[in-house]
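The file query_23.cif contains mmCIF, C-alpha atoms:
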```
data_final
loop_
_atom_site.label_atom_id
_atom_site.label_comp_id
_atom_site.auth_asym_id
_atom_site.auth_seq_id
_atom_site.Cartn_x
_atom_site.Cartn_y
_atom_site.Cartn_z
CA MET A 1 133.09 27.24 1.55
CA ASP A 2 129.94 25.14 1.95
CA SER A 3 129.82 21.33 1.74
CA GLU A 4 127.21 19.62 -0.44
CA GLU A 5 125.61 16.19 0.01
CA ASN A 6 127.96 14.60 -2.54
CA GLY A 7 131.02 15.74 -0.57
CA LYS A 8 131.98 18.55 -2.94
CA THR A 9 132.45 22.14 -1.82
CA ARG A 10 131.12 25.34 -3.33
CA PRO A 11 131.71 29.04 -2.60
CA LEU A 12 129.32 30.61 -0.10
CA GLY A 13 129.48 34.37 -0.68
CA ILE A 14 127.44 36.01 2.08
CA PRO A 15 126.83 39.72 1.36
CA VAL A 16 127.80 42.35 3.92
CA MET A 17 125.01 43.96 5.95
CA LYS A 18 124.68 47.02 3.69
CA CYS A 19 124.21 44.82 0.62
CA ARG A 20 121.74 42.61 2.49
CA ALA A 21 119.71 45.68 3.41
CA MET A 22 119.75 46.90 -0.21
CA GLN A 23 118.74 43.46 -1.46
CA ALA A 24 115.83 43.39 0.99
CA LEU A 25 114.69 46.79 -0.32
CA HIS A 26 114.84 45.66 -3.96
CA LEU A 27 113.10 42.41 -3.01
CA LEU A 28 110.04 44.35 -1.80
CA ALA A 29 109.51 45.53 -5.38
CA LEU A 30 110.69 42.40 -7.19
CA GLU A 31 108.77 39.71 -5.28
CA PRO A 32 105.24 40.84 -6.34
CA ILE A 33 106.42 40.74 -9.98
CA SER A 34 107.96 37.30 -9.46
CA GLU A 35 104.75 35.97 -7.90
CA THR A 36 102.66 37.30 -10.76
CA THR A 37 104.82 35.79 -13.51
CA ALA A 38 105.82 32.55 -11.74
CA ASP A 39 105.01 29.05 -12.96
CA ARG A 40 101.72 27.80 -11.54
CA ASN A 41 103.27 24.64 -10.12
CA SER A 42 106.47 26.11 -8.72
CA TYR A 43 106.63 25.88 -4.91
CA GLY A 44 110.18 26.56 -3.73
CA PHE A 45 111.25 29.80 -2.02
CA ARG A 46 107.85 31.41 -2.56
CA PRO A 47 105.65 33.03 0.14
CA GLN A 48 102.75 30.89 1.41
CA ARG A 49 104.02 27.82 -0.52
CA SER A 50 105.87 24.81 0.82
CA THR A 51 107.20 21.34 0.09
CA ALA A 52 103.84 20.01 1.27
CA ASP A 53 102.14 21.79 -1.65
CA ALA A 54 104.63 20.24 -4.08
CA GLY A 55 103.99 16.80 -2.61
CA ALA A 56 100.23 17.29 -2.86
CA GLN A 57 100.56 18.29 -6.54
CA CYS A 58 102.59 15.13 -7.19
CA PHE A 59 99.74 13.13 -5.67
CA THR A 60 97.19 14.95 -7.84
CA SER A 61 99.22 14.28 -10.99
CA LEU A 62 99.94 10.60 -10.33
CA ALA A 63 97.28 9.11 -8.04
CA LEU A 64 94.53 8.14 -10.49
CA LYS A 65 94.41 4.84 -12.33
CA ALA A 66 94.58 6.76 -15.63
CA SER A 67 97.42 9.04 -14.50
CA ALA A 68 100.87 9.08 -16.03
CA GLU A 69 103.09 6.10 -15.25
CA TRP A 70 106.50 7.56 -16.15
CA VAL A 71 108.33 10.35 -14.34
CA LEU A 72 111.33 12.40 -15.47
CA GLU A 73 113.26 13.25 -12.30
CA ALA A 74 115.35 16.31 -13.11
CA ASP A 75 117.97 18.10 -11.07
CA ILE A 76 119.94 21.12 -12.29
CA GLN A 77 123.68 20.83 -11.78
CA GLY A 78 124.97 23.64 -9.55
CA CYS A 79 121.95 25.81 -10.29
CA PHE A 80 122.80 28.75 -8.03
CA ASP A 81 126.44 28.67 -9.17
CA GLN A 82 125.94 28.44 -12.95
CA ILE A 83 123.08 30.82 -13.91
CA SER A 84 124.14 33.12 -16.73
CA HIS A 85 124.77 36.68 -15.56
CA ASP A 86 124.03 38.07 -19.03
CA TRP A 87 120.62 36.37 -19.09
CA MET A 88 119.67 37.68 -15.64
CA ILE A 89 120.79 41.23 -16.37
CA ALA A 90 118.81 41.20 -19.62
CA ASN A 91 115.63 39.62 -18.24
CA ILE A 92 115.26 40.35 -14.49
CA PRO A 93 113.11 43.54 -14.15
CA THR A 94 115.20 45.39 -11.57
CA ASP A 95 117.95 48.03 -11.53
CA LYS A 96 120.52 46.61 -14.00
CA ALA A 97 123.55 48.46 -12.60
CA VAL A 98 122.88 47.37 -9.01
CA LEU A 99 122.10 43.79 -10.06
CA LYS A 100 125.36 43.59 -12.01
CA LYS A 101 127.36 44.78 -9.00
CA TRP A 102 125.78 42.10 -6.80
CA LEU A 103 126.41 39.36 -9.34
CA LYS A 104 130.02 40.38 -10.04
CA ALA A 105 130.98 41.06 -6.39
CA GLY A 106 132.95 37.82 -6.02
CA PHE A 107 133.85 36.15 -2.72
CA VAL A 108 136.84 36.05 -0.38
CA TYR A 109 138.37 32.75 0.76
CA GLN A 110 141.53 32.59 2.90
CA ASN A 111 142.22 36.28 2.28
CA GLU A 112 142.06 35.83 -1.49
CA ARG A 113 139.34 37.34 -3.66
CA PHE A 114 137.73 35.14 -6.31
CA PRO A 115 135.62 36.68 -9.10
CA THR A 116 132.13 35.38 -9.90
CA ASP A 117 131.42 35.03 -13.61
CA ALA A 118 128.18 33.06 -13.21
CA GLY A 119 125.56 32.25 -10.60
CA THR A 120 123.82 34.20 -7.85
CA PRO A 121 125.35 35.19 -4.48
CA GLN A 122 124.98 32.25 -2.08
CA GLY A 123 123.37 33.55 1.10
CA GLY A 124 121.96 36.66 -0.56
CA ILE A 125 118.41 37.60 0.43
CA ILE A 126 117.39 38.18 -3.17
CA SER A 127 119.12 35.09 -4.64
CA PRO A 128 116.16 32.66 -4.34
CA VAL A 129 113.87 35.04 -6.22
CA LEU A 130 116.50 35.60 -8.93
CA ALA A 131 116.89 31.83 -9.35
CA ASN A 132 113.11 31.31 -9.45
CA MET A 133 112.64 34.03 -12.08
CA THR A 134 115.39 32.40 -14.15
CA LEU A 135 113.58 29.06 -14.14
CA ASP A 136 110.06 30.49 -14.50
CA GLY A 137 108.71 29.93 -17.95
CA LEU A 138 109.69 26.25 -18.10
CA GLU A 139 106.10 25.15 -17.52
CA ALA A 140 104.76 27.57 -20.12
CA MET A 141 107.41 26.45 -22.60
CA LEU A 142 106.39 22.80 -22.21
CA ARG A 143 102.73 23.70 -22.54
CA GLY A 144 103.45 25.64 -25.74
CA LYS A 145 105.76 23.01 -27.25
CA PHE A 146 103.37 20.17 -26.47
CA PRO A 147 99.88 21.73 -26.76
CA LYS A 148 98.19 18.32 -26.63
CA ALA A 149 100.13 17.17 -23.58
CA LYS A 150 97.30 17.91 -21.15
CA ARG A 151 95.06 15.47 -22.97
CA PRO A 152 94.71 11.98 -21.46
CA ARG A 153 97.05 10.49 -24.09
CA LEU A 154 100.27 12.29 -23.07
CA LYS A 155 99.49 13.06 -19.39
CA MET A 156 102.18 15.73 -18.99
CA ASN A 157 102.43 17.58 -15.67
CA MET A 158 105.30 19.47 -14.08
CA VAL A 159 106.02 20.05 -10.38
CA ARG A 160 109.02 22.18 -9.40
CA TYR A 161 110.56 23.04 -6.06
CA ALA A 162 113.52 25.43 -6.54
CA ASP A 163 115.90 23.59 -8.90
CA ASP A 164 114.38 20.12 -8.37
CA PHE A 165 111.46 19.21 -10.60
CA ILE A 166 109.60 16.28 -12.09
CA ILE A 167 107.72 15.95 -15.38
CA THR A 168 105.19 13.16 -15.88
CA GLY A 169 104.43 11.49 -19.20
CA HIS A 170 102.72 8.55 -20.88
CA SER A 171 105.91 6.76 -21.94
CA LYS A 172 109.61 6.58 -21.20
CA GLY A 173 110.52 7.09 -24.86
CA TRP A 174 108.45 10.28 -25.20
CA LEU A 175 110.05 11.80 -22.08
CA GLU A 176 113.53 10.80 -23.27
CA ARG A 177 113.28 11.81 -26.94
CA GLU A 178 111.04 14.90 -26.83
CA VAL A 179 110.56 16.37 -23.35
CA LYS A 180 114.13 16.08 -22.03
CA PRO A 181 115.72 17.78 -25.11
CA ALA A 182 113.21 20.65 -24.78
CA VAL A 183 114.16 21.09 -21.12
CA VAL A 184 117.88 20.98 -21.97
CA GLU A 185 117.41 23.67 -24.63
CA PHE A 186 115.47 25.89 -22.18
CA LEU A 187 118.20 25.56 -19.53
CA THR A 188 121.07 26.07 -21.98
CA GLN A 189 119.81 29.58 -22.76
CA ARG A 190 120.24 30.36 -19.06
CA GLY A 191 123.67 28.77 -18.73
CA LEU A 192 122.37 25.68 -16.93
CA VAL A 193 122.64 21.92 -17.50
CA LEU A 194 120.90 18.89 -16.05
CA SER A 195 122.84 16.81 -13.54
CA PRO A 196 123.61 13.44 -15.19
CA GLU A 197 123.88 11.81 -11.75
CA LYS A 198 120.42 12.80 -10.53
CA THR A 199 118.38 13.06 -13.75
CA LYS A 200 116.59 9.84 -14.70
CA ILE A 201 113.26 8.46 -15.91
CA THR A 202 111.40 6.15 -13.53
CA HIS A 203 108.23 4.07 -13.63
CA ILE A 204 105.74 4.94 -10.89
CA ASN A 205 105.63 1.31 -9.72
CA GLU A 206 109.34 1.56 -8.91
CA GLY A 207 108.82 4.90 -7.19
CA PHE A 208 111.04 7.96 -6.91
CA ASP A 209 112.39 10.19 -4.16
CA PHE A 210 111.34 13.84 -4.12
CA LEU A 211 111.84 16.38 -1.30
CA GLY A 212 112.51 13.70 1.31
CA TRP A 213 109.59 11.44 0.32
CA ASN A 214 109.29 8.28 -1.69
CA ILE A 215 106.33 8.44 -4.07
CA ARG A 216 105.29 5.07 -5.44
CA LYS A 217 102.27 3.04 -6.49
CA TYR A 218 101.59 -0.20 -4.63
CA ASN A 219 99.11 -2.42 -6.52
CA GLY A 220 97.70 0.65 -8.23
CA LYS A 221 97.47 2.82 -5.06
CA LEU A 222 99.79 5.82 -4.78
CA LEU A 223 101.47 6.22 -1.38
CA THR A 224 103.82 8.98 -0.26
CA LYS A 225 106.18 7.89 2.52
CA PRO A 226 109.36 9.26 4.10
CA SER A 227 112.27 8.16 1.91
CA LYS A 228 114.90 5.72 3.19
CA ALA A 229 117.64 8.33 2.74
CA ASN A 230 115.68 10.88 4.76
CA ILE A 231 114.99 8.37 7.54
CA LYS A 232 118.67 7.43 7.70
CA ALA A 233 119.74 11.10 7.85
CA HIS A 234 117.23 11.70 10.67
CA LEU A 235 118.43 8.72 12.72
CA ASP A 236 122.06 9.73 12.13
CA LYS A 237 121.32 13.20 13.49
CA ILE A 238 119.61 11.77 16.59
CA ARG A 239 122.52 9.38 17.12
CA GLU A 240 124.98 12.26 16.81
CA VAL A 241 123.11 14.30 19.45
CA ILE A 242 123.02 11.36 21.89
CA LYS A 243 126.68 10.43 21.37
CA GLY A 244 127.74 14.06 21.76
CA ASN A 245 126.01 14.29 25.15
CA LYS A 246 127.14 11.12 26.92
CA THR A 247 127.64 12.95 30.22
CA ALA A 248 124.83 15.50 29.90
CA LYS A 249 121.92 15.65 32.31
CA GLN A 250 118.85 13.73 31.21
CA ALA A 251 116.75 16.92 31.14
CA ASN A 252 119.27 18.66 28.88
CA LEU A 253 119.34 15.69 26.48
CA ILE A 254 115.54 15.73 26.26
CA ARG A 255 115.65 19.45 25.56
CA LEU A 256 118.09 18.85 22.68
CA LEU A 257 116.22 15.90 21.17
CA ASN A 258 112.64 17.17 21.27
CA PRO A 259 113.05 19.91 18.59
CA VAL A 260 114.74 17.39 16.25
CA LEU A 261 111.97 14.83 16.72
CA ARG A 262 109.15 17.37 16.53
CA GLY A 263 110.46 19.13 13.42
CA TRP A 264 110.97 15.90 11.45
CA ALA A 265 107.59 14.47 12.48
CA ASN A 266 105.77 17.69 11.57
CA TYR A 267 107.43 17.72 8.15
CA HIS A 268 106.09 14.24 7.40
CA SER A 269 102.76 14.64 9.24
CA HIS A 270 100.69 14.80 6.03
CA VAL A 271 102.03 11.64 4.35
CA VAL A 272 101.81 7.91 5.11
CA ALA A 273 104.19 7.93 8.05
CA LYS A 274 102.56 6.31 11.11
CA LYS A 275 104.56 3.07 10.84
CA THR A 276 107.73 5.05 10.14
CA PHE A 277 107.15 7.17 13.25
CA ALA A 278 106.73 4.03 15.37
CA ARG A 279 109.95 2.57 13.92
CA ILE A 280 111.83 5.81 14.65
CA ASP A 281 110.54 5.75 18.26
CA ALA A 282 111.78 2.16 18.66
CA ASN A 283 115.23 3.11 17.34
CA VAL A 284 115.41 6.15 19.61
CA TRP A 285 114.45 4.03 22.60
CA SER A 286 117.30 1.61 21.84
CA MET A 287 119.79 4.48 21.57
CA LEU A 288 118.61 5.97 24.85
CA TRP A 289 118.75 2.64 26.66
CA ARG A 290 122.38 2.21 25.60
CA TRP A 291 123.05 5.83 26.63
CA ALA A 292 121.57 5.22 30.09
CA ALA A 293 123.16 1.78 30.68
CA ARG A 294 126.60 3.05 29.68
CA ARG A 295 126.47 5.72 32.39
CA HIS A 296 126.02 3.11 35.14
CA PRO A 297 127.98 -0.03 34.20
CA GLU A 298 127.76 -1.43 37.73
CA LYS A 299 123.97 -1.06 38.06
CA GLY A 300 121.36 -3.57 36.99
CA ALA A 301 118.72 -3.12 34.29
CA ARG A 302 115.93 -2.60 36.87
CA TRP A 303 117.82 0.27 38.53
CA VAL A 304 118.55 1.92 35.17
CA LYS A 305 114.90 1.66 34.16
CA ASP A 306 113.66 3.21 37.42
CA ARG A 307 116.24 6.00 37.13
CA TYR A 308 115.56 7.12 33.56
CA PHE A 309 112.27 5.60 32.36
CA LYS A 310 108.95 6.40 34.05
CA THR A 311 105.34 5.27 33.88
CA ARG A 312 102.85 7.93 32.86
CA GLY A 313 99.22 6.87 32.76
CA THR A 314 98.92 3.68 30.72
CA ARG A 315 102.29 4.24 29.08
CA SER A 316 105.48 2.76 30.53
CA TRP A 317 109.11 3.23 29.56
CA VAL A 318 108.66 6.98 29.17
CA PHE A 319 112.03 8.78 28.97
CA ALA A 320 111.37 11.61 31.43
CA ALA A 321 113.22 13.74 33.96
CA THR A 322 112.31 16.30 36.61
CA GLU A 323 114.35 19.48 36.78
CA GLU A 324 114.31 22.30 39.30
CA LYS A 325 113.87 25.84 37.98
CA GLU A 326 115.61 28.92 39.35
CA ASP A 327 112.55 29.95 41.38
CA GLY A 328 112.55 26.60 43.18
CA THR A 329 109.60 25.09 41.32
CA LYS A 330 109.93 21.78 39.54
CA ARG A 331 108.82 20.71 36.10
CA GLU A 332 108.94 17.46 34.22
CA LEU A 333 110.48 17.10 30.78
CA THR A 334 109.29 14.16 28.67
CA LEU A 335 110.79 12.93 25.42
CA LEU A 336 108.43 13.44 22.52
CA LEU A 337 107.19 10.36 20.66
CA GLU A 338 106.87 10.85 16.92
CA SER A 339 104.03 8.33 16.81
CA ASP A 340 101.92 10.82 18.81
CA THR A 341 102.00 13.23 15.85
CA PRO A 342 98.59 13.19 14.11
CA ILE A 343 98.49 12.59 10.37
CA ARG A 344 96.52 15.32 8.59
CA ARG A 345 96.05 15.57 4.84
CA HIS A 346 97.56 18.79 3.51
CA VAL A 347 95.26 21.03 1.47
CA LYS A 348 97.27 22.26 -1.51
CA ILE A 349 97.40 25.96 -2.28
CA LYS A 350 95.49 27.01 -5.39
CA ALA A 351 97.84 27.26 -8.35
CA ASP A 352 96.89 30.85 -9.21
CA ALA A 353 96.87 32.19 -5.62
CA ASN A 354 98.99 35.32 -5.21
CA PRO A 355 99.63 36.70 -1.68
CA HIS A 356 100.36 40.16 -3.15
CA ASP A 357 96.96 40.36 -4.88
CA ARG A 358 94.12 41.84 -2.81
CA GLN A 359 91.51 39.51 -4.31
CA TRP A 360 93.24 36.55 -2.61
CA GLU A 361 93.42 38.18 0.84
CA GLN A 362 90.44 36.32 2.32
CA TYR A 363 91.64 33.00 0.87
CA PHE A 364 95.05 33.35 2.54
CA GLU A 365 93.48 34.48 5.82
CA ALA A 366 91.39 31.30 5.87
CA ARG A 367 94.44 29.11 5.11
CA TRP A 368 96.51 30.91 7.73
CA GLY A 369 93.74 30.54 10.33
CA LYS A 370 93.46 26.76 9.79
CA LYS A 371 97.22 26.38 9.98
CA MET A 372 97.40 28.33 13.23
CA LEU A 373 94.62 26.24 14.79
CA TYR A 374 96.85 23.15 14.45
CA SER A 375 99.75 24.82 16.29
CA VAL A 376 100.00 25.43 20.03
CA CYS A 377 101.24 29.02 19.54
CA GLY A 378 98.40 29.71 17.12
CA ARG A 379 95.73 28.52 19.54
CA ARG A 380 97.21 30.71 22.27
CA LYS A 381 97.20 33.70 19.93
CA PHE A 382 93.54 33.17 18.98
CA TYR A 383 92.64 32.82 22.65
CA ARG A 384 94.21 36.22 23.37
CA VAL A 385 92.20 37.75 20.52
CA TRP A 386 89.02 36.05 21.81
CA GLN A 387 89.67 37.42 25.32
CA ARG A 388 90.31 40.94 23.99
CA GLN A 389 86.94 40.85 22.22
CA ASP A 390 85.24 39.49 25.39
CA GLY A 391 84.34 36.37 23.42
CA LEU A 392 82.15 38.37 21.03
CA CYS A 393 82.14 38.68 17.25
CA SER A 394 83.57 42.02 16.16
CA VAL A 395 80.64 42.49 13.71
CA CYS A 396 77.42 41.24 15.33
CA GLN A 397 78.61 41.33 18.96
CA ASN A 398 77.20 37.85 19.60
CA SER A 399 79.20 35.10 21.31
CA ILE A 400 81.88 33.14 19.47
CA THR A 401 81.87 29.52 20.69
CA THR A 402 83.15 26.18 19.46
CA SER A 403 79.69 25.48 18.00
CA THR A 404 79.59 28.69 15.93
CA PRO A 405 81.76 28.66 12.79
CA TRP A 406 84.22 31.52 12.97
CA GLY A 407 87.21 32.93 11.14
CA VAL A 408 89.97 35.43 11.67
CA ARG A 409 90.85 38.52 9.65
CA HIS A 410 93.72 41.02 9.69
CA ILE A 411 92.72 44.57 10.69
CA VAL A 412 95.50 45.99 8.53
CA LYS A 413 95.72 43.72 5.48
CA ARG A 414 98.98 41.90 4.93
CA THR A 415 99.10 43.34 1.42
CA ASP A 416 99.17 46.76 3.13
CA GLY A 417 101.99 45.75 5.47
CA GLY A 418 99.94 44.34 8.36
CA SER A 419 101.46 41.74 10.69
CA ASP A 420 100.26 38.45 12.17
CA ALA A 421 100.41 39.84 15.74
CA ALA A 422 97.37 39.26 17.96
CA SER A 423 96.82 43.04 18.13
CA ASN A 424 96.20 43.06 14.35
CA LEU A 425 93.64 40.22 14.38
CA GLN A 426 89.86 40.12 14.72
CA MET A 427 87.59 37.10 15.15
CA GLN A 428 84.25 37.02 13.35
CA HIS A 429 81.46 34.57 12.58
CA LEU A 430 81.82 33.19 9.06
CA SER A 431 78.30 34.35 8.24
CA CYS A 432 79.22 37.88 9.35
CA ARG A 433 82.31 37.82 7.12
CA ARG A 434 80.21 36.77 4.13
CA ASN A 435 77.71 39.57 4.81
CA LEU A 436 80.55 42.10 4.95
#
```
When written as structure tokens, how does the structure in this file appear?
Amino acid sequence: MDSEENGKTRPLGIPVMKCRAMQALHLLALEPISETTADRNSYGFRPQRSTADAGAQCFTSLALKASAEWVLEADIQGCFDQISHDWMIANIPTDKAVLKKWLKAGFVYQNERFPTDAGTPQGGIISPVLANMTLDGLEAMLRGKFPKAKRPRLKMNMVRYADDFIITGHSKGWLEREVKPAVVEFLTQRGLVLSPEKTKITHINEGFDFLGWNIRKYNGKLLTKPSKANIKAHLDKIREVIKGNKTAKQANLIRLLNPVLRGWANYHSHVVAKKTFARIDANVWSMLWRWAARRHPEKGARWVKDRYFKTRGTRSWVFAATEEKEDGTKRELTLLLESDTPIRRHVKIKADANPHDRQWEQYFEARWGKKMLYSVCGRRKFYRVWQRQDGLCSVCQNSITTSTPWGVRHIVKRTDGGSDAASNLQMQHLSCRRNL
């Protein structure tokens, strides 16, 4: 059983390895169909799309002075558990007999088998695509039911990530009386209902939480910030790690904390989060000071500071430790500061972009290349490719430098099964790519 945020439990039926392998095989054929028929502004569990794209679309839909002021926050109650089997078998374009066996397989809990009459297998490789295909069509339905909604008067836009979605509108009454009943009717056909606890209509000046962010207008300016609930969950996790390692070596604690800090900061690195990062750093420092002082109750504050906190350059109170490796060499581990994470505006994926369509191959290569340039591993990979090519363009054989615009391409296209390994990459001048 798996615990949810509200404290309830739900069955988690993880398929056996043979079924997982079969699902992966069927997914190879089903995913290109799903990507072709998907809603334009659906971003959850889809290749090359992320929560950042969903957040950017929210900004596009709500940022202008003339944008919609009311937002229907919708959440489907137990989406993965309640989807109608009959609807999926009738509408999902895959082998019906195999799909039925997966859906009806049931789950075992405490040596007792429980049948599954609705929903998709939790933990199944193919389940996210099945859920997405069940919900696809919601955007088209709204566009057909309200053909004038795109006009400035109604201001209707939809953004969906998995089973969480928002719909914008010009008034609270219109969303309540017309849009919400249309959504309820669409979901009822698929055996789904809206969660009364999480579904509500909010004014943009009050703001709403979506995917870990709070989206709100302040004096007419839309700002996306980490939500209070997300900040609290992050600090609770850090506190749990520190309390669970009261006697651990300082180097080991740093090694445990850095991935938590880095992952959370990277997730929020494209929103208004600089002040939040600084506040998180201050809270972490307080936790670590208590952790260090507790270990040495008979020592003074100066001794504790000199033991655990160092000065590095112009920065003091750096939580750092030196550890000795197996070969006798030493290296220093330093706690990451979230405030050092640069804020970069995320460029949203084009709504019609399809990673399984050859005509979008160059577009995705360019997006992938920019993303890799921001990561340490990506820069190392590009450097290996640059070294392999002797620093020369693979087309014109002239030098590739920081002053010459360049791009990267896959030798074997990803649509043909090519990988992102350095051996399958080539660097070229952008002008040479255009000429090709």
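When all atoms listed in the file are used to compute distances to Arg143 of chain A, the closest of the residues A:Asp340, A:Asp39, A:Glu324, A:Asp352 turns out to be A:Asp39.
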Quick one: everything within 9 Å of segment 303-314 of chain A, counting all atoms listed in the file, minus sequence neighbours fewer than 5 positions away in the same chain. Send it as a list of chain:residue names.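 In the requested form, the answer reads A:Gln250, A:Trp289, A:Ala292, A:Ala293, A:His296, A:Phe319, A:Ala320, A:Ala321.
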Can you translate the PyMOL selection byres ((chain A and resi 178-184) around 8) into the concrete residues it hits in this file, as an MDAnalysis selection string? chainID A and resid 138 142 174:177 185:188 193:194
Evaluate the PyMOL selection byres ((chain A and resi 227) around 8) against this structure - the residues, as number ranges by chain, please. A: 209, 212-214, 225-226, 228-231
Go ahead and save the picked residues with C-alpha atoms, as a JSON list (two decimals), in the frame of the given file.
```
[["chain", "number", "residue", "atom", "x", "y", "z"],
["A", 209, "ASP", "CA", 112.39, 10.19, -4.16],
["A", 212, "GLY", "CA", 112.51, 13.70, 1.31],
["A", 213, "TRP", "CA", 109.59, 11.44, 0.32],
["A", 214, "ASN", "CA", 109.29, 8.28, -1.69],
["A", 225, "LYS", "CA", 106.18, 7.89, 2.52],
["A", 226, "PRO", "CA", 109.36, 9.26, 4.10],
["A", 228, "LYS", "CA", 114.90, 5.72, 3.19],
["A", 229, "ALA", "CA", 117.64, 8.33, 2.74],
["A", 230, "ASN", "CA", 115.68, 10.88, 4.76],
["A", 231, "ILE", "CA", 114.99, 8.37, 7.54]]
```
Matched chain/residue IDs from the PyMOL selection byres ((chain A and resi 58-71) around 10), as a PyMOL selection string: chain A and resi 41+52-57+72-74+152-160+166-175+200-208+210+215-217+220-224+348
In terms of only C-alpha atoms, the residue from A:Ala131, A:Ile126, A:His85, A:Ala273 at minimal distance from Gly191 of chain A is A:His85
